[in-house]
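*Asks:* Have a peek at work_32.cif (mmCIF, C-alpha atoms).
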```cif
data_query
#
loop_
_atom_site.label_atom_id
_atom_site.label_comp_id
_atom_site.auth_asym_id
_atom_site.auth_seq_id
_atom_site.Cartn_x
_atom_site.Cartn_y
_atom_site.Cartn_z
CA MET U 159 18.43 12.22 -1.96
CA SER U 160 19.58 10.28 1.06
CA ASN U 161 17.57 7.18 0.32
CA THR U 162 19.04 3.82 1.07
CA ILE U 163 18.00 2.09 -2.15
CA LYS U 164 18.99 2.91 -5.70
CA GLN U 165 16.43 5.08 -7.47
CA TRP U 166 17.42 4.44 -11.07
CA PRO U 167 16.24 0.81 -11.34
CA TRP U 168 12.78 1.84 -10.11
CA PHE U 169 12.69 4.80 -12.49
CA ALA U 170 13.57 2.36 -15.29
CA ALA U 171 10.88 -0.07 -14.10
CA GLY U 172 8.37 2.78 -14.34
CA MET U 173 9.62 3.62 -17.84
CA ARG U 174 8.98 0.04 -18.97
CA GLY U 175 5.32 0.63 -18.09
CA ILE U 176 5.01 2.26 -21.51
CA PHE U 177 4.56 -1.30 -22.82
CA SER U 178 1.60 -1.96 -20.51
CA GLY U 179 -2.09 -2.19 -21.36
CA PRO U 180 -3.01 1.10 -19.69
CA ALA U 181 -0.33 2.98 -21.68
CA LEU U 182 -1.51 1.36 -24.91
CA VAL U 183 -5.12 2.31 -24.31
CA LEU U 184 -4.19 5.90 -23.50
CA MET U 185 -2.09 6.13 -26.65
CA SER U 186 -5.06 4.91 -28.71
CA ALA U 187 -7.22 7.53 -27.04
CA PHE U 188 -4.63 10.18 -27.94
CA VAL U 189 -4.77 9.07 -31.56
CA GLY U 190 -8.47 9.93 -31.39
CA PHE U 191 -7.70 13.29 -29.77
CA CYS U 192 -5.10 14.08 -32.41
CA GLY U 193 -7.61 13.59 -35.20
CA PHE U 194 -10.22 15.62 -33.31
CA ALA U 195 -7.83 18.55 -32.70
CA TYR U 196 -6.71 18.55 -36.34
CA GLU U 197 -10.26 18.59 -37.62
CA ALA U 198 -11.06 21.39 -35.17
CA GLY U 199 -8.33 23.42 -36.87
CA ILE U 200 -6.02 23.77 -33.86
CA PRO U 201 -2.48 24.38 -35.22
CA PHE U 202 0.28 21.81 -34.74
CA GLY U 203 2.27 23.78 -32.15
CA GLN U 204 -0.76 24.42 -30.00
CA VAL U 205 -1.84 20.77 -29.99
CA ILE U 206 1.64 19.69 -28.86
CA PHE U 207 1.79 22.47 -26.26
CA MET U 208 -1.64 21.55 -24.95
CA THR U 209 -0.82 17.85 -24.66
CA GLY U 210 2.31 18.51 -22.61
CA MET U 211 0.96 21.34 -20.48
CA VAL U 212 -2.56 20.17 -19.71
CA TRP U 213 -2.01 16.40 -19.82
CA ALA U 214 -5.58 15.41 -19.06
CA LEU U 215 -7.62 14.16 -22.00
CA PRO U 216 -11.08 15.33 -20.86
CA ALA U 217 -9.67 18.79 -20.05
CA GLN U 218 -8.04 18.95 -23.49
CA LEU U 219 -11.32 18.03 -25.20
CA VAL U 220 -13.10 20.76 -23.22
CA LEU U 221 -10.34 23.26 -24.05
CA VAL U 222 -10.49 22.50 -27.78
CA GLY U 223 -14.28 22.83 -27.61
CA ALA U 224 -13.97 26.22 -25.90
CA MET U 225 -11.42 27.43 -28.47
CA LEU U 226 -13.69 26.27 -31.30
CA ALA U 227 -16.64 28.12 -29.80
CA GLY U 228 -14.50 31.26 -29.40
CA ALA U 229 -15.10 31.26 -25.64
CA SER U 230 -13.60 34.03 -23.50
CA LEU U 231 -10.61 33.22 -21.31
CA PRO U 232 -12.59 33.20 -18.02
CA ALA U 233 -15.31 31.02 -19.57
CA ALA U 234 -12.76 28.54 -20.93
CA PHE U 235 -10.91 28.53 -17.60
CA ILE U 236 -14.07 27.67 -15.67
CA ALA U 237 -15.10 24.93 -18.10
CA VAL U 238 -11.66 23.31 -18.01
CA THR U 239 -11.16 23.68 -14.27
CA LEU U 240 -14.50 21.98 -13.57
CA SER U 241 -13.48 19.01 -15.69
CA SER U 242 -10.10 18.80 -13.93
CA MET U 243 -11.38 18.96 -10.38
CA ARG U 244 -11.34 15.16 -10.11
CA LEU U 245 -7.54 15.30 -10.22
CA MET U 246 -7.40 16.80 -6.72
CA PRO U 247 -8.72 13.79 -4.77
CA MET U 248 -6.77 11.47 -7.10
CA VAL U 249 -3.47 13.18 -6.33
CA ALA U 250 -4.40 13.44 -2.64
CA ALA U 251 -5.03 9.67 -2.56
CA LEU U 252 -1.80 8.85 -4.39
CA VAL U 253 0.62 11.06 -2.45
CA PRO U 254 0.40 9.22 0.92
CA GLU U 255 1.07 5.94 -0.92
CA ILE U 256 4.25 7.00 -2.71
CA ARG U 257 6.04 9.59 -0.58
CA THR U 258 8.56 8.85 2.13
CA ARG U 259 9.43 11.12 5.03
CA ASN U 260 12.28 12.53 2.95
CA THR U 261 10.34 13.27 -0.22
CA PRO U 262 10.46 17.04 -0.74
CA THR U 263 7.12 18.75 -1.41
CA TRP U 264 8.50 20.60 -4.46
CA LEU U 265 9.23 17.25 -6.09
CA LEU U 266 5.69 16.05 -5.46
CA LEU U 267 4.29 19.33 -6.83
CA LEU U 268 6.39 18.89 -9.95
CA LEU U 269 5.51 15.23 -10.44
CA SER U 270 1.81 15.79 -9.74
CA HIS U 271 1.58 17.22 -13.25
CA PHE U 272 1.84 13.68 -14.60
CA VAL U 273 -1.12 12.39 -12.61
CA ALA U 274 -4.09 11.57 -14.81
CA VAL U 275 -6.30 8.50 -14.71
CA THR U 276 -3.80 6.25 -16.53
CA ALA U 277 -0.79 7.02 -14.34
CA TRP U 278 -2.99 6.90 -11.26
CA VAL U 279 -4.44 3.48 -12.05
CA PHE U 280 -1.08 2.12 -13.22
CA THR U 281 0.74 3.21 -10.05
CA MET U 282 -2.01 2.25 -7.60
CA GLN U 283 -2.17 -1.22 -9.20
CA ARG U 284 1.56 -1.84 -8.80
CA LEU U 285 2.29 -0.27 -5.43
CA ASP U 286 2.58 -3.63 -3.70
CA ARG U 287 5.43 -4.63 -6.00
CA VAL U 288 7.49 -1.48 -5.39
CA PRO U 289 9.25 -0.73 -2.10
CA ARG U 290 8.23 2.60 -0.60
CA GLU U 291 11.63 4.20 -1.22
CA GLY U 292 11.32 3.42 -4.92
CA ARG U 293 7.74 4.52 -5.49
CA VAL U 294 8.35 8.20 -6.32
CA ALA U 295 11.04 7.17 -8.85
CA PHE U 296 8.73 4.48 -10.25
CA PHE U 297 5.91 6.97 -10.73
CA ALA U 298 8.28 9.58 -12.21
CA GLY U 299 9.66 7.05 -14.69
CA PHE U 300 6.21 6.04 -15.85
CA GLY U 301 4.71 9.54 -15.89
CA LEU U 302 7.57 11.19 -17.79
CA THR U 303 7.76 8.38 -20.35
CA LEU U 304 4.00 8.25 -20.87
CA THR U 305 3.66 12.01 -21.35
CA GLY U 306 6.77 12.21 -23.57
CA THR U 307 5.63 9.32 -25.75
CA ASN U 308 2.18 10.79 -26.24
CA ILE U 309 3.61 14.20 -27.15
CA ILE U 310 5.74 12.48 -29.82
CA LEU U 311 2.75 10.40 -30.94
CA VAL U 312 0.58 13.49 -31.36
CA GLY U 313 3.43 15.24 -33.18
CA VAL U 314 3.97 12.37 -35.60
CA LEU U 315 0.28 11.71 -36.29
CA TYR U 316 -0.86 15.34 -36.56
CA GLY U 317 -2.30 15.78 -40.02
CA VAL U 318 -1.64 12.15 -40.93
CA ILE U 319 -4.95 10.97 -39.53
CA SER U 320 -6.99 13.89 -40.74
CA HIS U 321 -10.13 11.94 -41.50
CA LEU U 322 -10.59 8.98 -39.24
CA PRO U 323 -13.51 6.82 -40.39
CA ALA U 324 -16.40 7.57 -38.04
CA MET U 325 -16.54 3.98 -36.75
CA LEU U 326 -12.84 3.88 -35.91
CA ALA U 327 -13.03 7.26 -34.20
CA GLY U 328 -16.03 6.02 -32.24
CA ALA U 329 -14.21 2.84 -31.22
CA LEU U 330 -11.22 4.90 -30.02
CA PHE U 331 -13.46 7.21 -27.99
CA PHE U 332 -15.28 4.20 -26.55
CA LEU U 333 -12.01 2.80 -25.19
CA THR U 334 -11.80 5.44 -22.48
CA PRO U 335 -14.95 4.67 -20.44
CA ILE U 336 -14.66 0.86 -20.59
CA TYR U 337 -10.97 1.05 -19.81
CA PHE U 338 -11.46 3.41 -16.85
CA LEU U 339 -14.26 1.24 -15.51
CA THR U 340 -12.40 -2.09 -15.65
CA SER U 341 -8.94 -0.86 -14.64
CA ILE U 342 -10.12 1.07 -11.60
CA TRP U 343 -12.21 -1.92 -10.52
CA ALA U 344 -9.20 -4.20 -10.94
CA SER U 345 -6.88 -1.89 -8.99
CA ALA U 346 -9.28 -1.48 -6.04
CA ARG U 347 -7.81 -2.46 -2.71
CA GLY U 348 -10.69 -1.51 -0.46
CA ILE U 349 -14.43 -2.15 -0.55
CA GLU U 350 -15.06 1.62 -0.65
CA VAL U 351 -13.70 1.74 -4.21
CA TYR U 352 -16.28 -0.79 -5.50
CA LEU U 353 -19.06 1.03 -3.65
CA ALA U 354 -17.92 4.45 -4.85
CA MET U 355 -17.75 3.17 -8.44
CA ILE U 356 -21.28 1.75 -8.41
CA ILE U 357 -22.80 4.78 -6.67
CA GLY U 358 -20.88 7.22 -8.92
CA LEU U 359 -22.10 5.45 -12.06
CA VAL U 360 -25.68 6.03 -10.94
CA LEU U 361 -25.27 9.53 -9.51
CA GLY U 362 -23.22 10.87 -12.45
CA PRO U 363 -26.09 10.80 -14.95
CA ALA U 364 -28.65 11.70 -12.26
CA PHE U 365 -26.82 14.92 -11.38
CA HIS U 366 -26.09 15.60 -15.04
CA PHE U 367 -29.67 16.76 -15.41
CA LEU U 368 -29.41 19.03 -12.37
CA SER U 369 -26.27 20.86 -13.40
CA ASP U 370 -24.09 20.35 -16.42
CA ASP U 371 -20.75 21.29 -14.88
CA LEU U 372 -21.16 21.07 -11.14
CA GLY U 373 -23.07 17.80 -11.44
CA LEU U 374 -19.82 15.84 -11.58
CA LEU U 375 -18.60 17.44 -8.38
CA TYR U 376 -21.86 16.75 -6.57
CA ALA U 377 -21.86 13.15 -7.78
CA GLY U 378 -18.26 12.70 -6.59
CA LEU U 379 -18.75 14.27 -3.19
CA LEU U 380 -22.08 12.61 -2.41
CA GLY U 381 -21.15 9.25 -3.97
CA GLY U 382 -17.76 9.19 -2.25
CA THR U 383 -19.23 10.14 1.12
CA LEU U 384 -21.97 7.48 0.82
CA ALA U 385 -19.39 4.84 -0.13
CA PHE U 386 -17.19 5.93 2.76
CA GLY U 387 -20.10 5.71 5.22
CA LEU U 388 -21.00 2.22 4.01
CA GLU U 389 -17.36 1.14 4.21
CA ARG U 390 -17.19 2.33 7.82
CA ILE U 391 -20.34 0.35 8.74
CA ILE U 392 -19.12 -2.82 6.98
CA THR U 393 -15.65 -2.59 8.54
CA ALA U 394 -17.14 -2.05 12.00
CA ARG U 395 -19.43 -5.09 11.58
CA ARG U 396 -16.57 -7.25 10.39
CA LYS U 397 -14.50 -6.27 13.40
CA LYS U 398 -17.40 -7.00 15.73
CA ARG U 399 -17.95 -10.41 14.16
CA ALA U 400 -14.27 -11.19 14.42
CA GLN U 401 -14.40 -10.37 18.10
CA THR U 402 -17.51 -12.42 18.90
CA THR U 403 -16.50 -15.57 17.02
CA PRO U 404 -13.76 -17.43 18.82
CA MET Q 27 3.23 39.14 -32.36
CA ILE Q 28 0.28 39.08 -30.00
CA GLU Q 29 -1.67 36.91 -32.43
CA THR Q 30 0.97 34.18 -32.34
CA VAL Q 31 1.47 34.33 -28.57
CA TRP Q 32 -2.16 34.73 -27.53
CA PRO Q 33 -3.32 31.13 -28.26
CA TYR Q 34 -0.42 29.78 -26.21
CA LEU Q 35 -1.20 32.15 -23.37
CA PHE Q 36 -4.83 31.06 -23.62
CA ILE Q 37 -3.83 27.39 -23.39
CA ALA Q 38 -1.42 28.10 -20.53
CA VAL Q 39 -4.04 29.90 -18.42
CA ALA Q 40 -7.31 28.16 -19.37
CA GLY Q 41 -5.66 24.75 -19.83
CA TRP Q 42 -2.51 24.33 -17.79
CA ILE Q 43 -3.24 26.52 -14.74
CA ALA Q 44 -6.91 25.51 -14.71
CA THR Q 45 -5.84 21.87 -14.49
CA ASP Q 46 -2.65 21.92 -12.45
CA VAL Q 47 -4.21 24.02 -9.68
CA TRP Q 48 -6.11 20.88 -8.66
CA ARG Q 49 -3.01 18.69 -8.83
CA TRP Q 50 -1.07 21.11 -6.61
CA LEU Q 51 -3.95 21.29 -4.15
CA GLY Q 52 -4.03 17.50 -4.16
CA VAL Q 53 -0.35 17.36 -3.18
CA LEU Q 54 -0.85 19.81 -0.32
CA ILE Q 55 -3.86 17.85 0.98
CA GLY Q 56 -2.27 14.43 0.38
CA ASN Q 57 0.84 15.50 2.26
CA ARG Q 58 -1.30 15.90 5.38
CA LEU Q 59 -2.98 12.50 5.06
CA SER Q 60 -1.40 9.48 6.62
CA GLN Q 61 -1.67 6.08 5.01
CA ASP Q 62 -4.66 4.00 6.14
CA SER Q 63 -6.32 6.98 7.81
CA ALA Q 64 -10.10 7.24 7.56
CA MET Q 65 -9.65 10.55 5.76
CA LEU Q 66 -7.62 8.85 3.03
CA ILE Q 67 -10.38 6.27 2.53
CA TRP Q 68 -12.88 9.11 2.12
CA VAL Q 69 -10.65 10.94 -0.36
CA ARG Q 70 -10.14 7.74 -2.36
CA ALA Q 71 -13.90 7.12 -2.41
CA VAL Q 72 -14.60 10.67 -3.64
CA ALA Q 73 -11.93 10.34 -6.34
CA THR Q 74 -13.44 7.04 -7.51
CA SER Q 75 -16.99 8.38 -7.51
CA LEU Q 76 -15.91 11.41 -9.56
CA VAL Q 77 -14.27 9.19 -12.18
CA ALA Q 78 -17.32 6.88 -12.15
CA ALA Q 79 -19.52 9.89 -12.89
CA VAL Q 80 -17.21 10.80 -15.80
CA ILE Q 81 -17.44 7.19 -17.11
CA ALA Q 82 -21.24 7.20 -16.96
CA ARG Q 83 -21.34 10.49 -18.86
CA LEU Q 84 -18.96 9.28 -21.54
CA VAL Q 85 -21.22 6.28 -22.13
CA LEU Q 86 -24.62 7.98 -21.81
CA PHE Q 87 -23.94 11.46 -23.21
CA PRO Q 88 -20.87 11.19 -25.46
CA SER Q 89 -19.66 13.90 -27.79
CA GLY Q 90 -17.97 13.52 -31.15
CA ALA Q 91 -17.96 10.30 -33.12
CA LEU Q 92 -20.08 8.34 -30.61
CA GLU Q 93 -22.84 10.92 -30.49
CA GLY Q 94 -24.86 9.31 -33.28
CA THR Q 95 -24.67 5.74 -31.97
CA PRO Q 96 -27.67 4.26 -30.13
CA MET Q 97 -27.50 4.69 -26.37
CA ALA Q 98 -28.78 1.16 -25.71
CA LEU Q 99 -25.87 -0.23 -27.73
CA ARG Q 100 -23.27 1.77 -25.78
CA VAL Q 101 -24.78 0.81 -22.43
CA GLY Q 102 -25.16 -2.84 -23.50
CA ALA Q 103 -21.58 -3.03 -24.80
CA THR Q 104 -20.25 -1.51 -21.58
CA ALA Q 105 -22.30 -3.84 -19.37
CA ILE Q 106 -21.39 -7.01 -21.29
CA GLY Q 107 -17.73 -5.95 -21.50
CA PHE Q 108 -17.71 -5.43 -17.75
CA LEU Q 109 -19.32 -8.83 -17.17
CA ALA Q 110 -16.71 -10.49 -19.40
CA PHE Q 111 -14.04 -8.71 -17.36
CA LEU Q 112 -15.50 -10.05 -14.09
CA ILE Q 113 -15.99 -13.62 -15.39
CA THR Q 114 -12.40 -13.91 -16.66
CA GLY Q 115 -10.90 -13.03 -13.29
CA GLN Q 116 -10.78 -9.29 -13.87
CA ARG Q 117 -8.85 -9.21 -17.12
CA VAL Q 118 -9.02 -5.60 -18.27
CA PHE Q 119 -8.04 -6.55 -21.81
CA VAL Q 120 -10.92 -9.03 -22.16
CA GLY Q 121 -13.40 -6.43 -20.93
CA ILE Q 122 -12.23 -3.82 -23.42
CA ILE Q 123 -12.14 -6.18 -26.41
CA THR Q 124 -15.60 -7.60 -25.62
CA ALA Q 125 -17.13 -4.14 -25.31
CA GLU Q 126 -15.49 -2.96 -28.54
CA ILE Q 127 -16.60 -6.05 -30.49
CA ILE Q 128 -20.20 -5.58 -29.35
CA LEU Q 129 -20.12 -1.89 -30.24
CA PHE Q 130 -18.63 -2.63 -33.64
CA GLY Q 131 -21.01 -5.51 -34.34
CA GLY Q 132 -23.98 -3.45 -33.26
CA LEU Q 133 -22.98 -0.57 -35.51
CA LEU Q 134 -22.50 -2.91 -38.48
CA LEU Q 135 -25.96 -4.41 -37.98
CA HIS Q 136 -27.52 -1.03 -37.30
#
```
Take the structure from the file and write it as structure tokens.
*Replies:*
Amino acid sequence: MSNTIKQWPWFAAGMRGIFSGPALVLMSAFVGFCGFAYEAGIPFGQVIFMTGMVWALPAQLVLVGAMLAGASLPAAFIAVTLSSMRLMPMVAALVPEIRTRNTPTWLLLLLSHFVAVTAWVFTMQRLDRVPREGRVAFFAGFGLTLTGTNIILVGVLYGVISHLPAMLAGALFFLTPIYFLTSIWASARGIEVYLAMIIGLVLGPAFHFLSDDLGLLYAGLLGGTLAFGLERIITARRKKRAQTTP
Amino acid sequence: MIETVWPYLFIAVAGWIATDVWRWLGVLIGNRLSQDSAMLIWVRAVATSLVAAVIARLVLFPSGALEGTPMALRVGATAIGFLAFLITGQRVFVGIITAEIILFGGLLLH
């Protein structure tokens, strides 16, 4: 790479993110997943393979559920792909923030594998503190470390936590929604994120009754578009007011 | 032979490909978006709304260990945890701990 700044320090800064709150919460959630996969009877090798290859907790839960139910390959594919659709706009929103003109597309394709809510929130929150030339290295350092650590965690804990007490398992599962909610709110840099969050929270359950799988997609598209429309109106008004007041 | 390979193939196709297809598409779309464009704001809003819908579902219609807990308790714990997060100057940690304490306390009293 012909970048003017050193990449390694930013990669290392990303690696240190393993000691952050978001990483800790995700690791706790993976402890819960590990117990769930063990109880479901998924063999050790497959749980490790799944964690590294899928690297999206909701998708992994859906996949384990499909395997348990003995679903066919196409049926499992559809169920998993519907739960993973949210990753597309997340990656699309992250890429313009981290790439430079010289960032090769193959590198972004490779690194996109590490995008899940945790890495997304973590990176979006810290963009201001990382110069543009260091952002891809920063994300790579965090993503690789986070995925690697969780693979090791799952490997070490597999079978050890066979029977989590129901209350502890529940507390671990409960971490995910409250953590997503607060961390995305805290990392918001535009009013559209607050609006999209509030509207999505309402539309998610509403569309759940319409369609089990596609409901999420509808809620995202409609909620996001509504939030975007409102953001445009608010921004236009603010500009107008700024022009009229001397 | 096929019995040992098949589960891995299953995971690779129904798990890995089914998930990474969206990440790859996201890169191709994101590569065409410029920073601070209106399109990027829309994409960010859609991404946020999708995750918000997932959050609401995890709280309202959970699976696994949370399934048997009262819905009012889960919603209440989330709402109070979020309020605590807002009051303390958006401290994520405070929000999480508050929500967990209320969930735990509620389950103990239940």
*Asks:* Just checking: using all atoms listed in the file, which residue out of Q:Leu133, Q:Val120, Q:Ile67, Q:Val80 ends up closest to Ala346 in chain U?
*Replies:*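 The closest residue to Ala346 in chain U is Q:Ile67.
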*Asks:* Only residues of chain Q matter here; which ones have an atom within 7 Å of chain U, counting all atoms listed in the file? Give them as a count of residues only.
*Replies:* 50
*Asks:* If the PyMOL selection byres ((chain U and resi 311) around 10) is run on the structure shown, which residues does it catch, given as a PyMOL selection string?
*Replies:* chain U and resi 185-186+188-189+192+206+305-310+312-316
*Asks:* Step by step, work through what the PyMOL selection byres ((chain U and resi 287-301) around 10) selects in the shown file, and finish by giving those residues as a VMD selection string.
*Replies:* chain U and resid 161 to 176 181 253 255 to 261 265 to 266 268 to 274 276 to 278 280 to 286 302 to 307
*Asks:* Record the distance separating CA of Phe367 in chain U and CA of Val101 in chain Q, expressed in Å with one decimal.
*Replies:* 18.1 Å
*Asks:* CA of Leu182 in chain U and CA of Ala103 in chain Q, how far apart in Å?
*Replies:*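 So the answer is 20.5 Å.
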*Asks:* In Å, with one decimal, what is the gap from CA of Gly94 in chain Q to CA of Leu184 in chain U?
*Replies:*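 We find that CA of Gly94 in chain Q and CA of Leu184 in chain U lie 23.1 Å from each other.
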